[in-house]
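J.: PDB, C-alpha atoms, file coords-v3.pdb:
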ATOM      1  CA  MET A   1      25.317  95.706  50.180
ATOM      2  CA  ALA A   2      25.660  93.540  47.082
ATOM      3  CA  ARG A   3      24.941  89.835  47.382
ATOM      4  CA  ILE A   4      26.030  87.330  44.749
ATOM      5  CA  ASP A   5      24.521  83.824  44.617
ATOM      6  CA  PHE A   6      26.635  80.892  43.457
ATOM      7  CA  TYR A   7      25.161  77.468  42.756
ATOM      8  CA  ASP A   8      27.302  74.378  42.117
ATOM      9  CA  ASP A   9      29.954  76.688  40.696
ATOM     10  CA  PRO A  10      33.642  75.676  40.679
ATOM     11  CA  ASP A  11      34.503  79.402  40.955
ATOM     12  CA  ALA A  12      32.387  79.905  44.109
ATOM     13  CA  PRO A  13      34.366  81.045  47.152
ATOM     14  CA  PRO A  14      34.386  78.543  50.054
ATOM     15  CA  ALA A  15      31.714  79.129  52.694
ATOM     16  CA  ASN A  16      32.946  80.705  55.927
ATOM     17  CA  SER A  17      29.623  81.384  57.638
ATOM     18  CA  LEU A  18      26.351  79.674  58.542
ATOM     19  CA  VAL A  19      23.404  81.955  59.355
ATOM     20  CA  PRO A  20      19.983  80.391  59.982
ATOM     21  CA  SER A  21      17.331  82.259  58.025
ATOM     22  CA  ALA A  22      13.615  82.024  57.363
ATOM     23  CA  ASN A  23      11.474  82.807  54.328
ATOM     24  CA  ALA A  24       7.705  82.842  54.090
ATOM     25  CA  VAL A  25       5.278  82.161  51.290
ATOM     26  CA  VAL A  26       2.565  84.587  52.364
ATOM     27  CA  VAL A  27      -0.828  84.122  50.735
ATOM     28  CA  ASP A  28      -3.741  86.578  50.740
ATOM     29  CA  ASP A  29      -7.473  85.830  50.630
ATOM     30  CA  ALA A  30      -7.357  85.772  46.811
ATOM     31  CA  GLY A  31      -4.614  83.125  46.849
ATOM     32  CA  ARG A  32      -1.938  85.517  45.595
ATOM     33  CA  LEU A  33       1.693  85.274  46.768
ATOM     34  CA  LEU A  34       3.687  88.089  48.350
ATOM     35  CA  LEU A  35       6.943  88.762  46.455
ATOM     36  CA  ILE A  36       9.604  91.442  46.771
ATOM     37  CA  HIS A  37      11.920  92.871  44.160
ATOM     38  CA  ARG A  38      15.245  92.841  45.964
ATOM     39  CA  THR A  39      17.544  95.851  46.100
ATOM     40  CA  ASP A  40      20.770  93.848  46.569
ATOM     41  CA  ASN A  41      20.385  92.040  43.251
ATOM     42  CA  ASP A  42      17.866  92.212  40.428
ATOM     43  CA  ASN A  43      15.815  89.162  41.403
ATOM     44  CA  TRP A  44      12.389  88.713  42.865
ATOM     45  CA  SER A  45      12.248  86.823  46.101
ATOM     46  CA  LEU A  46      10.120  85.561  48.947
ATOM     47  CA  PRO A  47      10.512  87.889  51.929
ATOM     48  CA  GLY A  48      12.834  86.602  54.653
ATOM     49  CA  GLY A  49      16.129  87.036  56.427
ATOM     50  CA  ALA A  50      18.458  86.052  59.228
ATOM     51  CA  MET A  51      17.329  84.898  62.666
ATOM     52  CA  ASP A  52      18.079  87.160  65.622
ATOM     53  CA  LEU A  53      18.957  85.955  69.111
ATOM     54  CA  GLY A  54      15.873  86.060  71.342
ATOM     55  CA  GLU A  55      13.327  85.006  68.717
ATOM     56  CA  SER A  56      12.164  81.643  67.390
ATOM     57  CA  LEU A  57      12.511  80.864  63.685
ATOM     58  CA  PRO A  58       8.763  81.252  62.984
ATOM     59  CA  GLU A  59       9.030  84.661  64.716
ATOM     60  CA  THR A  60      11.930  85.510  62.373
ATOM     61  CA  ALA A  61       9.692  84.835  59.379
ATOM     62  CA  VAL A  62       6.868  87.031  60.722
ATOM     63  CA  ARG A  63       9.277  89.865  61.599
ATOM     64  CA  GLU A  64      11.099  89.811  58.259
ATOM     65  CA  VAL A  65       7.818  89.782  56.318
ATOM     66  CA  ARG A  66       6.667  92.846  58.261
ATOM     67  CA  GLU A  67      10.007  94.672  57.798
ATOM     68  CA  GLU A  68      10.416  93.899  54.105
ATOM     69  CA  THR A  69       6.792  94.134  52.936
ATOM     70  CA  GLY A  70       4.631  95.938  55.488
ATOM     71  CA  ILE A  71       2.377  92.872  55.705
ATOM     72  CA  ASP A  72       1.442  91.168  58.980
ATOM     73  CA  CYS A  73       1.128  87.400  58.722
ATOM     74  CA  GLU A  74       0.705  84.269  60.764
ATOM     75  CA  ILE A  75       2.539  81.027  60.110
ATOM     76  CA  THR A  76       0.417  78.142  58.813
ATOM     77  CA  GLY A  77       2.907  75.427  57.801
ATOM     78  CA  LEU A  78       6.190  74.450  56.262
ATOM     79  CA  VAL A  79       7.376  74.246  52.639
ATOM     80  CA  GLY A  80      10.748  72.810  53.557
ATOM     81  CA  ILE A  81      14.317  73.100  54.794
ATOM     82  CA  TYR A  82      16.939  74.314  52.311
ATOM     83  CA  THR A  83      20.540  73.771  53.379
ATOM     84  CA  ASP A  84      22.327  72.807  50.186
ATOM     85  CA  PRO A  85      26.097  73.311  50.623
ATOM     86  CA  LYS A  86      26.394  73.772  46.839
ATOM     87  CA  HIS A  87      24.584  77.118  47.212
ATOM     88  CA  VAL A  88      26.659  79.915  48.763
ATOM     89  CA  LEU A  89      26.052  83.679  48.998
ATOM     90  CA  LEU A  90      28.919  86.158  48.788
ATOM     91  CA  TYR A  91      28.450  89.538  50.505
ATOM     92  CA  THR A  92      30.860  91.745  48.619
ATOM     93  CA  SER A  93      31.131  94.411  51.329
ATOM     94  CA  ASP A  94      32.966  92.225  53.848
ATOM     95  CA  GLY A  95      33.813  88.953  52.102
ATOM     96  CA  GLU A  96      31.353  86.905  54.140
ATOM     97  CA  VAL A  97      30.394  83.727  52.274
ATOM     98  CA  ARG A  98      27.270  82.154  53.701
ATOM     99  CA  GLN A  99      26.235  78.624  53.009
ATOM    100  CA  GLU A 100      22.506  78.433  52.235
ATOM    101  CA  PHE A 101      20.376  77.844  55.333
ATOM    102  CA  SER A 102      16.731  78.717  54.978
ATOM    103  CA  VAL A 103      13.563  77.293  56.464
ATOM    104  CA  VAL A 104      10.595  78.216  54.273
ATOM    105  CA  PHE A 105       7.241  78.576  56.015
ATOM    106  CA  THR A 106       3.750  79.098  54.640
ATOM    107  CA  ALA A 107       1.786  81.999  56.086
ATOM    108  CA  ARG A 108      -1.534  83.821  55.825
ATOM    109  CA  ALA A 109      -1.713  87.610  55.537
ATOM    110  CA  VAL A 110      -3.705  89.136  58.392
ATOM    111  CA  GLY A 111      -3.110  92.878  57.904
ATOM    112  CA  GLY A 112      -0.939  95.673  56.572
ATOM    113  CA  GLN A 113      -0.328  97.145  53.125
ATOM    114  CA  PRO A 114       2.491  96.303  50.672
ATOM    115  CA  THR A 115       5.238  98.811  51.481
ATOM    116  CA  PRO A 116       8.732  98.834  49.942
ATOM    117  CA  SER A 117      11.760  99.070  52.262
ATOM    118  CA  SER A 118      15.502  99.558  51.926
ATOM    119  CA  GLU A 119      15.736  95.851  51.051
ATOM    120  CA  SER A 120      12.804  95.757  48.635
ATOM    121  CA  ARG A 121      12.316  98.252  45.821
ATOM    122  CA  ALA A 122       8.892  96.775  45.080
ATOM    123  CA  VAL A 123       6.434  94.642  47.041
ATOM    124  CA  GLU A 124       3.649  92.944  45.133
ATOM    125  CA  TRP A 125       0.842  90.441  45.421
ATOM    126  CA  VAL A 126       1.363  88.123  42.435
ATOM    127  CA  ASP A 127      -1.123  85.618  41.018
ATOM    128  CA  ARG A 128       0.012  82.006  41.452
ATOM    129  CA  GLU A 129       0.204  81.426  37.700
ATOM    130  CA  ASP A 130       2.409  84.486  37.153
ATOM    131  CA  VAL A 131       4.987  83.919  39.889
ATOM    132  CA  LEU A 132       7.405  81.669  38.017
ATOM    133  CA  ALA A 133       7.654  84.137  35.106
ATOM    134  CA  LEU A 134       9.482  86.634  37.358
ATOM    135  CA  PRO A 135      13.307  86.776  37.316
ATOM    136  CA  MET A 136      14.337  84.761  40.353
ATOM    137  CA  HIS A 137      17.476  82.978  41.525
ATOM    138  CA  ARG A 138      17.190  79.242  40.908
ATOM    139  CA  SER A 139      17.332  78.454  44.622
ATOM    140  CA  MET A 140      14.388  80.789  45.300
ATOM    141  CA  ARG A 141      12.480  79.474  42.301
ATOM    142  CA  LEU A 142      12.860  75.957  43.685
ATOM    143  CA  ARG A 143      11.231  77.007  46.978
ATOM    144  CA  VAL A 144       8.321  78.678  45.181
ATOM    145  CA  GLN A 145       7.873  75.638  42.925
ATOM    146  CA  HIS A 146       7.734  73.330  45.940
ATOM    147  CA  PHE A 147       5.003  75.509  47.431
ATOM    148  CA  LEU A 148       3.001  75.588  44.185
ATOM    149  CA  GLU A 149       3.239  71.787  43.883
ATOM    150  CA  ASN A 150       1.336  71.403  47.178
ATOM    151  CA  ARG A 151       3.633  68.600  48.291
ATOM    152  CA  PRO A 152       2.263  66.346  51.041
ATOM    153  CA  THR A 153       5.568  66.411  52.970
ATOM    154  CA  PRO A 154       8.135  69.181  53.405
ATOM    155  CA  HIS A 155      11.317  69.315  51.354
ATOM    156  CA  LEU A 156      14.260  68.191  53.503
ATOM    157  CA  GLY A 157      17.510  69.134  51.806
TER
ATOM    158  CA  MET B   1      32.916  69.774  78.431
ATOM    159  CA  ALA B   2      29.977  70.336  80.776
ATOM    160  CA  ARG B   3      26.709  71.596  79.311
ATOM    161  CA  ILE B   4      23.941  73.068  81.424
ATOM    162  CA  ASP B   5      20.413  73.467  80.075
ATOM    163  CA  PHE B   6      18.243  76.378  81.202
ATOM    164  CA  TYR B   7      14.555  76.612  80.381
ATOM    165  CA  ASP B   8      12.485  79.743  81.046
ATOM    166  CA  ASP B   9      14.816  80.505  83.941
ATOM    167  CA  PRO B  10      15.296  84.084  85.183
ATOM    168  CA  ASP B  11      18.842  83.085  86.189
ATOM    169  CA  ALA B  12      19.768  81.850  82.708
ATOM    170  CA  PRO B  13      22.675  83.709  81.112
ATOM    171  CA  PRO B  14      21.761  85.645  77.947
ATOM    172  CA  ALA B  15      22.348  83.784  74.683
ATOM    173  CA  ASN B  16      25.433  84.844  72.731
ATOM    174  CA  SER B  17      25.474  82.157  70.058
ATOM    175  CA  LEU B  18      23.224  80.469  67.513
ATOM    176  CA  VAL B  19      24.381  77.097  66.173
ATOM    177  CA  PRO B  20      22.080  75.135  63.849
ATOM    178  CA  SER B  21      21.888  71.522  64.963
ATOM    179  CA  ALA B  22      20.060  68.358  63.986
ATOM    180  CA  ASN B  23      18.716  65.434  65.990
ATOM    181  CA  ALA B  24      17.270  62.193  64.685
ATOM    182  CA  VAL B  25      14.680  59.779  66.002
ATOM    183  CA  VAL B  26      16.172  56.602  64.567
ATOM    184  CA  VAL B  27      13.880  53.571  64.504
ATOM    185  CA  ASP B  28      14.874  49.935  63.948
ATOM    186  CA  ASP B  29      12.841  47.134  62.351
ATOM    187  CA  ALA B  30      11.294  46.320  65.740
ATOM    188  CA  GLY B  31      10.080  49.913  66.158
ATOM    189  CA  ARG B  32      12.558  50.705  68.941
ATOM    190  CA  LEU B  33      14.159  54.154  69.305
ATOM    191  CA  LEU B  34      17.898  54.859  69.419
ATOM    192  CA  LEU B  35      18.885  56.790  72.561
ATOM    193  CA  ILE B  36      22.224  57.802  74.028
ATOM    194  CA  HIS B  37      23.232  58.411  77.628
ATOM    195  CA  ARG B  38      25.160  61.662  77.377
ATOM    196  CA  THR B  39      28.584  62.147  78.945
ATOM    197  CA  ASP B  40      28.254  65.949  79.334
ATOM    198  CA  ASN B  41      25.245  65.664  81.657
ATOM    199  CA  ASP B  42      23.321  62.759  83.148
ATOM    200  CA  ASN B  43      20.414  62.774  80.711
ATOM    201  CA  TRP B  44      19.368  60.496  77.923
ATOM    202  CA  SER B  45      19.045  62.087  74.537
ATOM    203  CA  LEU B  46      18.359  61.632  70.870
ATOM    204  CA  PRO B  47      21.660  61.577  68.969
ATOM    205  CA  GLY B  48      22.525  64.814  67.197
ATOM    206  CA  GLY B  49      24.814  67.800  67.062
ATOM    207  CA  ALA B  50      25.965  70.931  65.284
ATOM    208  CA  MET B  51      25.965  71.386  61.525
ATOM    209  CA  ASP B  52      29.343  71.652  59.790
ATOM    210  CA  LEU B  53      30.054  73.839  56.772
ATOM    211  CA  GLY B  54      29.901  71.758  53.588
ATOM    212  CA  GLU B  55      27.039  69.479  54.600
ATOM    213  CA  SER B  56      23.258  69.807  54.471
ATOM    214  CA  LEU B  57      21.242  69.561  57.677
ATOM    215  CA  PRO B  58      19.904  66.057  56.892
ATOM    216  CA  GLU B  59      23.563  65.053  56.319
ATOM    217  CA  THR B  60      24.394  66.495  59.755
ATOM    218  CA  ALA B  61      21.806  64.209  61.330
ATOM    219  CA  VAL B  62      23.151  61.102  59.552
ATOM    220  CA  ARG B  63      26.775  61.960  60.445
ATOM    221  CA  GLU B  64      26.035  62.693  64.114
ATOM    222  CA  VAL B  65      24.034  59.474  64.489
ATOM    223  CA  ARG B  66      26.969  57.514  63.086
ATOM    224  CA  GLU B  67      29.535  59.306  65.286
ATOM    225  CA  GLU B  68      27.539  59.105  68.513
ATOM    226  CA  THR B  69      25.943  55.672  68.136
ATOM    227  CA  GLY B  70      27.720  53.588  65.466
ATOM    228  CA  ILE B  71      24.402  53.252  63.608
ATOM    229  CA  ASP B  72      23.938  54.116  59.924
ATOM    230  CA  CYS B  73      20.564  55.612  59.095
ATOM    231  CA  GLU B  74      18.599  57.276  56.344
ATOM    232  CA  ILE B  75      16.289  60.228  56.852
ATOM    233  CA  THR B  76      12.569  59.520  56.419
ATOM    234  CA  GLY B  77      10.801  62.663  57.636
ATOM    235  CA  LEU B  78      10.553  65.526  60.084
ATOM    236  CA  VAL B  79       9.357  65.718  63.702
ATOM    237  CA  GLY B  80       9.744  69.465  63.899
ATOM    238  CA  ILE B  81      11.787  72.619  64.322
ATOM    239  CA  TYR B  82      12.770  73.622  67.868
ATOM    240  CA  THR B  83      14.062  77.167  68.246
ATOM    241  CA  ASP B  84      12.610  78.348  71.549
ATOM    242  CA  PRO B  85      14.583  81.382  72.818
ATOM    243  CA  LYS B  86      13.543  80.454  76.391
ATOM    244  CA  HIS B  87      15.855  77.412  76.127
ATOM    245  CA  VAL B  88      19.580  78.187  76.296
ATOM    246  CA  LEU B  89      22.609  75.921  76.794
ATOM    247  CA  LEU B  90      25.653  77.069  78.743
ATOM    248  CA  TYR B  91      29.002  75.476  77.878
ATOM    249  CA  THR B  92      30.983  75.955  81.078
ATOM    250  CA  SER B  93      34.398  75.545  79.461
ATOM    251  CA  ASP B  94      34.252  78.756  77.443
ATOM    252  CA  GLY B  95      31.118  80.629  78.507
ATOM    253  CA  GLU B  96      29.325  80.072  75.200
ATOM    254  CA  VAL B  97      25.554  80.351  75.664
ATOM    255  CA  ARG B  98      23.686  78.844  72.748
ATOM    256  CA  GLN B  99      20.058  79.503  72.068
ATOM    257  CA  GLU B 100      18.234  76.282  71.209
ATOM    258  CA  PHE B 101      18.217  75.542  67.474
ATOM    259  CA  SER B 102      17.463  71.987  66.523
ATOM    260  CA  VAL B 103      15.712  70.381  63.589
ATOM    261  CA  VAL B 104      14.523  66.894  64.550
ATOM    262  CA  PHE B 105      14.296  64.345  61.756
ATOM    263  CA  THR B 106      12.911  60.818  61.672
ATOM    264  CA  ALA B 107      15.216  58.123  60.338
ATOM    265  CA  ARG B 108      15.423  54.399  59.669
ATOM    266  CA  ALA B 109      18.419  52.337  60.795
ATOM    267  CA  VAL B 110      20.132  50.634  57.862
ATOM    268  CA  GLY B 111      23.280  49.186  59.462
ATOM    269  CA  GLY B 112      25.900  49.326  62.187
ATOM    270  CA  GLN B 113      25.961  48.274  65.844
ATOM    271  CA  PRO B 114      25.285  50.443  68.939
ATOM    272  CA  THR B 115      28.726  51.740  69.939
ATOM    273  CA  PRO B 116      29.402  54.286  72.715
ATOM    274  CA  SER B 117      31.636  57.276  71.951
ATOM    275  CA  SER B 118      33.282  60.089  73.870
ATOM    276  CA  GLU B 119      29.905  61.869  73.821
ATOM    277  CA  SER B 120      27.776  58.858  74.751
ATOM    278  CA  ARG B 121      28.563  56.528  77.648
ATOM    279  CA  ALA B 122      25.761  54.194  76.566
ATOM    280  CA  VAL B 123      23.870  53.654  73.309
ATOM    281  CA  GLU B 124      20.652  51.663  73.438
ATOM    282  CA  TRP B 125      17.643  50.600  71.446
ATOM    283  CA  VAL B 126      14.675  51.418  73.693
ATOM    284  CA  ASP B 127      11.091  50.192  73.315
ATOM    285  CA  ARG B 128       8.662  52.999  72.500
ATOM    286  CA  GLU B 129       6.720  52.503  75.728
ATOM    287  CA  ASP B 130       9.876  52.750  77.859
ATOM    288  CA  VAL B 131      11.438  55.860  76.349
ATOM    289  CA  LEU B 132       9.685  58.522  78.428
ATOM    290  CA  ALA B 133      10.678  56.818  81.695
ATOM    291  CA  LEU B 134      14.343  57.692  81.078
ATOM    292  CA  PRO B 135      15.826  60.814  82.682
ATOM    293  CA  MET B 136      15.763  63.431  79.932
ATOM    294  CA  HIS B 137      15.882  67.202  79.717
ATOM    295  CA  ARG B 138      12.395  68.631  79.225
ATOM    296  CA  SER B 139      13.288  70.052  75.815
ATOM    297  CA  MET B 140      14.446  66.620  74.615
ATOM    298  CA  ARG B 141      11.429  64.899  76.166
ATOM    299  CA  LEU B 142       9.175  67.270  74.214
ATOM    300  CA  ARG B 143      10.797  66.224  70.919
ATOM    301  CA  VAL B 144      10.409  62.522  71.750
ATOM    302  CA  GLN B 145       6.781  63.055  72.790
ATOM    303  CA  HIS B 146       6.002  64.803  69.518
ATOM    304  CA  PHE B 147       7.444  61.823  67.647
ATOM    305  CA  LEU B 148       5.467  59.301  69.704
ATOM    306  CA  GLU B 149       2.236  61.255  69.122
ATOM    307  CA  ASN B 150       2.562  60.677  65.357
ATOM    308  CA  ARG B 151       1.485  64.232  64.624
ATOM    309  CA  PRO B 152       0.199  64.851  61.091
ATOM    310  CA  THR B 153       2.240  68.065  60.740
ATOM    311  CA  PRO B 154       5.682  68.991  62.070
ATOM    312  CA  HIS B 155       6.125  71.095  65.207
ATOM    313  CA  LEU B 156       7.130  74.646  64.223
ATOM    314  CA  GLY B 157       8.426  76.459  67.262
TER
END
Re-express the file's structure as structure tokens.
T.:
Amino acid sequence: MARIDFYDDPDAPPANSLVPSANAVVVDDAGRLLLIHRTDNDNWSLPGGAMDLGESLPETAVREVREETGIDCEITGLVGIYTDPKHVLLYTSDGEVRQEFSVVFTARAVGGQPTPSSESRAVEWVDREDVLALPMHRSMRLRVQHFLENRPTPHLG
Amino acid sequence: MARIDFYDDPDAPPANSLVPSANAVVVDDAGRLLLIHRTDNDNWSLPGGAMDLGESLPETAVREVREETGIDCEITGLVGIYTDPKHVLLYTSDGEVRQEFSVVFTARAVGGQPTPSSESRAVEWVDREDVLALPMHRSMRLRVQHFLENRPTPHLG
């Protein structure tokens, strides 16, 4: 399924859907960050995805990290809340247009091995100083930057 | 529209809906908290409600506070994220069963006068030490308690 990101774009289709999602910045003992190379576009990304009924949002983050990367993690904190209506995501298969809604947690890896999935053609531990050189959508880059800045309070936007 | 809260109840209907919402703990210059007496059940509550397409979640909080209380506020921080699947809300008019999903912000009052609405039969500034004596659903009481405890990090649940 192809996904196209629009940011502050007059040609963006109007949002018709709101799906709460979670991402996680997962860190290993060496301080590296867990990134995936997405299959639905050519960007690198933090693992994450949509919340299911019956789970809490931190549980969503842990489940999505396991599904997309093969890594088990535990949540340690919060980078921020990202709900900018100027960012919408078009799913070309069915015309769904989601308004951005992601809560970005911090997490610590506790087990597993990096394992690609149908949603991630590559899964890699990336050194902090190399992360921002990867191709990344600007909305994802913003989340990673906020993490790297070690902000004292979460982003609320 | 009547709303019935279930918490960890074997008789609770299964959730069929997930609606991101925001609440705010609004504080005035005297340190009092803004509470509403709900019309859809007999509890007191922090103002708040469901996110609309086209706004960010902090904007939801500011809009709902204005609509439900007549008070203008600005967001100052975060109490926590409350997405416990054991808490569901039944709307008796249409059978919708929402799983809890609320982000609770802190805010500072910057204008307006307490004004009841169709959703709030009373709107009051309440001294900090009197807040927990009000009848309140346990999930709402938890959010207020977390605020009063001045926790160094937000609740992530």
J.: Please determine the residues with any atom at most 6 Å from (28.3, 76.4, 47.0) (coordinates as given in the file, with all atoms listed in the file counting) and report them as an NGL selection string.
T.: :A and (6-8 or 85-88)
J.: Restricting it to C-alpha atoms, dump the selection as a short mmCIF file (atom, residue, chain, number, x, y, z; two decimals), in the frame of the given file.
T.:
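This is the output file part_29.cif:
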data_model
loop_
_atom_site.label_atom_id
_atom_site.label_comp_id
_atom_site.auth_asym_id
_atom_site.auth_seq_id
_atom_site.Cartn_x
_atom_site.Cartn_y
_atom_site.Cartn_z
CA PHE A 6 26.64 80.89 43.46
CA TYR A 7 25.16 77.47 42.76
CA ASP A 8 27.30 74.38 42.12
CA PRO A 85 26.10 73.31 50.62
CA LYS A 86 26.39 73.77 46.84
CA HIS A 87 24.58 77.12 47.21
CA VAL A 88 26.66 79.92 48.76
#
J.: Go through B:Asn150, B:Thr115, B:Ser93, B:Ser17 one by one, measure the shortest atom-to-atom distance of each to Ile36 of chain B using all atoms listed in the file, and give the residue with the smallest value.
T.: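 Between B:Asn150, B:Thr115, B:Ser93, B:Ser17, the residue approaching Ile36 of chain B most closely is B:Thr115.
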J.: Which polymer residues have any atom within 8 Å of an atom of segment 137-144 of chain B, counting all atoms listed in the file, with same-chain residues fewer than 2 positions away left out, as a PyMOL selection string?
T.: chain B and resi 5+25+43-46+79-80+87+104+132+135+146-148
J.: Pull C-alpha atoms from the residues just selected and write them as an mmCIF file, in the frame of the given file.
T.:
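What ended up in again.cif:
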data_model
loop_
_atom_site.group_PDB
_atom_site.id
_atom_site.type_symbol
_atom_site.label_atom_id
_atom_site.label_comp_id
_atom_site.auth_asym_id
_atom_site.auth_seq_id
_atom_site.Cartn_x
_atom_site.Cartn_y
_atom_site.Cartn_z
ATOM 1 C CA ASP B 5 20.413 73.467 80.075
ATOM 2 C CA VAL B 25 14.680 59.779 66.002
ATOM 3 C CA ASN B 43 20.414 62.774 80.711
ATOM 4 C CA TRP B 44 19.368 60.496 77.923
ATOM 5 C CA SER B 45 19.045 62.087 74.537
ATOM 6 C CA LEU B 46 18.359 61.632 70.870
ATOM 7 C CA VAL B 79 9.357 65.718 63.702
ATOM 8 C CA GLY B 80 9.744 69.465 63.899
ATOM 9 C CA HIS B 87 15.855 77.412 76.127
ATOM 10 C CA VAL B 104 14.523 66.894 64.550
ATOM 11 C CA LEU B 132 9.685 58.522 78.428
ATOM 12 C CA PRO B 135 15.826 60.814 82.682
ATOM 13 C CA HIS B 146 6.002 64.803 69.518
ATOM 14 C CA PHE B 147 7.444 61.823 67.647
ATOM 15 C CA LEU B 148 5.467 59.301 69.704
#
J.: Per residue of chain B within 9 Å of chain A, which atom pair is closest and at what distance in Å (one decimal), using all atoms listed in the file, listed by chain and increasing number, as a Markdown table?
T.:
| residue | atom | partner | partner_atom | distance |
| --- | --- | --- | --- | --- |
| B:Pro14 | CA | A:Gly54 | CA | 8.9 |
| B:Ala15 | CA | A:Leu53 | CA | 6.9 |
| B:Asn16 | CA | A:Leu53 | CA | 7.5 |
| B:Ser17 | CA | A:Leu53 | CA | 7.6 |
| B:Leu18 | CA | A:Leu53 | CA | 7.1 |
| B:Val19 | CA | A:Pro20 | CA | 8.3 |
| B:Pro20 | CA | A:Pro20 | CA | 6.9 |
| B:Met51 | CA | A:Leu18 | CA | 8.8 |
| B:Asp52 | CA | A:Leu18 | CA | 8.7 |
| B:Leu53 | CA | A:Ala15 | CA | 6.9 |
| B:Gly54 | CA | A:Pro85 | CA | 5.1 |
| B:Glu55 | CA | A:Pro85 | CA | 5.6 |
| B:Ser56 | CA | A:Thr83 | CA | 4.9 |
| B:Leu57 | CA | A:Thr83 | CA | 6.1 |
| B:Pro58 | CA | A:Gly157 | CA | 6.4 |
| B:Glu59 | CA | A:Gly157 | CA | 8.6 |
| B:Ile75 | CA | A:Leu156 | CA | 8.9 |
| B:Gly77 | CA | A:Leu156 | CA | 7.7 |
| B:Leu78 | CA | A:Pro154 | CA | 8.0 |
| B:Ile81 | CA | A:Leu57 | CA | 8.3 |
| B:Tyr82 | CA | A:Ser56 | CA | 8.1 |
| B:Thr83 | CA | A:Ser56 | CA | 4.9 |
| B:Asp84 | CA | A:Ser56 | CA | 5.3 |
| B:Pro85 | CA | A:Gly54 | CA | 5.1 |
| B:Lys86 | CA | A:Gly54 | CA | 7.9 |
| B:Gln99 | CA | A:Leu53 | CA | 7.2 |
| B:Glu100 | CA | A:Ser56 | CA | 9.0 |
| B:Phe101 | CA | A:Ser56 | CA | 8.6 |
| B:Thr153 | CA | A:Gly77 | CA | 8.0 |
| B:Pro154 | CA | A:Leu78 | CA | 8.0 |
| B:Leu156 | CA | A:Pro58 | CA | 6.9 |
| B:Gly157 | CA | A:Ser56 | CA | 6.4 |
J.: Could you please determine the separation between atom CA of Ala2 of chain A and atom CA of Gln113 of chain A in Å, to one decimal place?
T.: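 These two atoms are separated by 26.9 Å.
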J.: Which one is closest to Asp28 of chain A: A:Asp94, A:Asp130, A:Asp72, A:Glu119? Count only C-alpha atoms.
T.: A:Asp72
J.: Expanded to explicit residues, what is the PyMOL selection byres ((chain A and resi 41) around 8) for this file, as a list of chain:residue names?
T.: A:Ala2, A:Arg3, A:Ile4, A:Arg38, A:Thr39, A:Asp40, A:Asp42, A:Asn43
J.: Between atom CA of Ala107 of chain A and atom CA of Val26 of chain A, measure the distance and give it in Å to one decimal.
T.: 4.6 Å
J.: With distances taken over all atoms listed in the file, which of B:Ala22, B:Leu33, B:Leu90, B:Ala122 is nearest to Glu68 of chain B?
T.: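 The shortest atom-to-atom distance to Glu68 of chain B comes from B:Ala122.
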J.: Have a look at atom CA of Arg63 of chain B and atom CA of Thr60 of chain A and let me know their distance in Å, one decimal.
T.: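 If I compute the distance from atom CA of Arg63 of chain B to atom CA of Thr60 of chain A, I get 27.9 Å.
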J.: Could you tell me which of A:Thr106, A:Ser21, A:Ser117, A:Gln145 comes closest to Thr69 of chain A if we count all atoms listed in the file?
T.: A:Ser117
J.: In the coordinates of the file, take the point (13.3, 47.0, 67.6) and a cut-off of 12 Å; then, counting all atoms listed in the file, name each qualifying protein, DNA or RNA residue as a VMD selection string.
T.: chain B and resid 26 to 34 108 to 109 124 to 129
J.: Would you output that residue set with C-alpha atoms, as a PDB file, keeping the file's coordinate frame?
T.:
ATOM      1  CA  VAL B  26      16.172  56.602  64.567  1.00  0.00           C
ATOM      2  CA  VAL B  27      13.880  53.571  64.504  1.00  0.00           C
ATOM      3  CA  ASP B  28      14.874  49.935  63.948  1.00  0.00           C
ATOM      4  CA  ASP B  29      12.841  47.134  62.351  1.00  0.00           C
ATOM      5  CA  ALA B  30      11.294  46.320  65.740  1.00  0.00           C
ATOM      6  CA  GLY B  31      10.080  49.913  66.158  1.00  0.00           C
ATOM      7  CA  ARG B  32      12.558  50.705  68.941  1.00  0.00           C
ATOM      8  CA  LEU B  33      14.159  54.154  69.305  1.00  0.00           C
ATOM      9  CA  LEU B  34      17.898  54.859  69.419  1.00  0.00           C
ATOM     10  CA  ARG B 108      15.423  54.399  59.669  1.00  0.00           C
ATOM     11  CA  ALA B 109      18.419  52.337  60.795  1.00  0.00           C
ATOM     12  CA  GLU B 124      20.652  51.663  73.438  1.00  0.00           C
ATOM     13  CA  TRP B 125      17.643  50.600  71.446  1.00  0.00           C
ATOM     14  CA  VAL B 126      14.675  51.418  73.693  1.00  0.00           C
ATOM     15  CA  ASP B 127      11.091  50.192  73.315  1.00  0.00           C
ATOM     16  CA  ARG B 128       8.662  52.999  72.500  1.00  0.00           C
ATOM     17  CA  GLU B 129       6.720  52.503  75.728  1.00  0.00           C
TER      18      GLU B 129
END
J.: Which one of B:Ala133, B:Asp9, B:Tyr91, B:Glu74 sits closest to Val62 of chain B if you count all atoms listed in the file?
T.: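 Ranked by minimum distance to Val62 of chain B, first place goes to B:Glu74.
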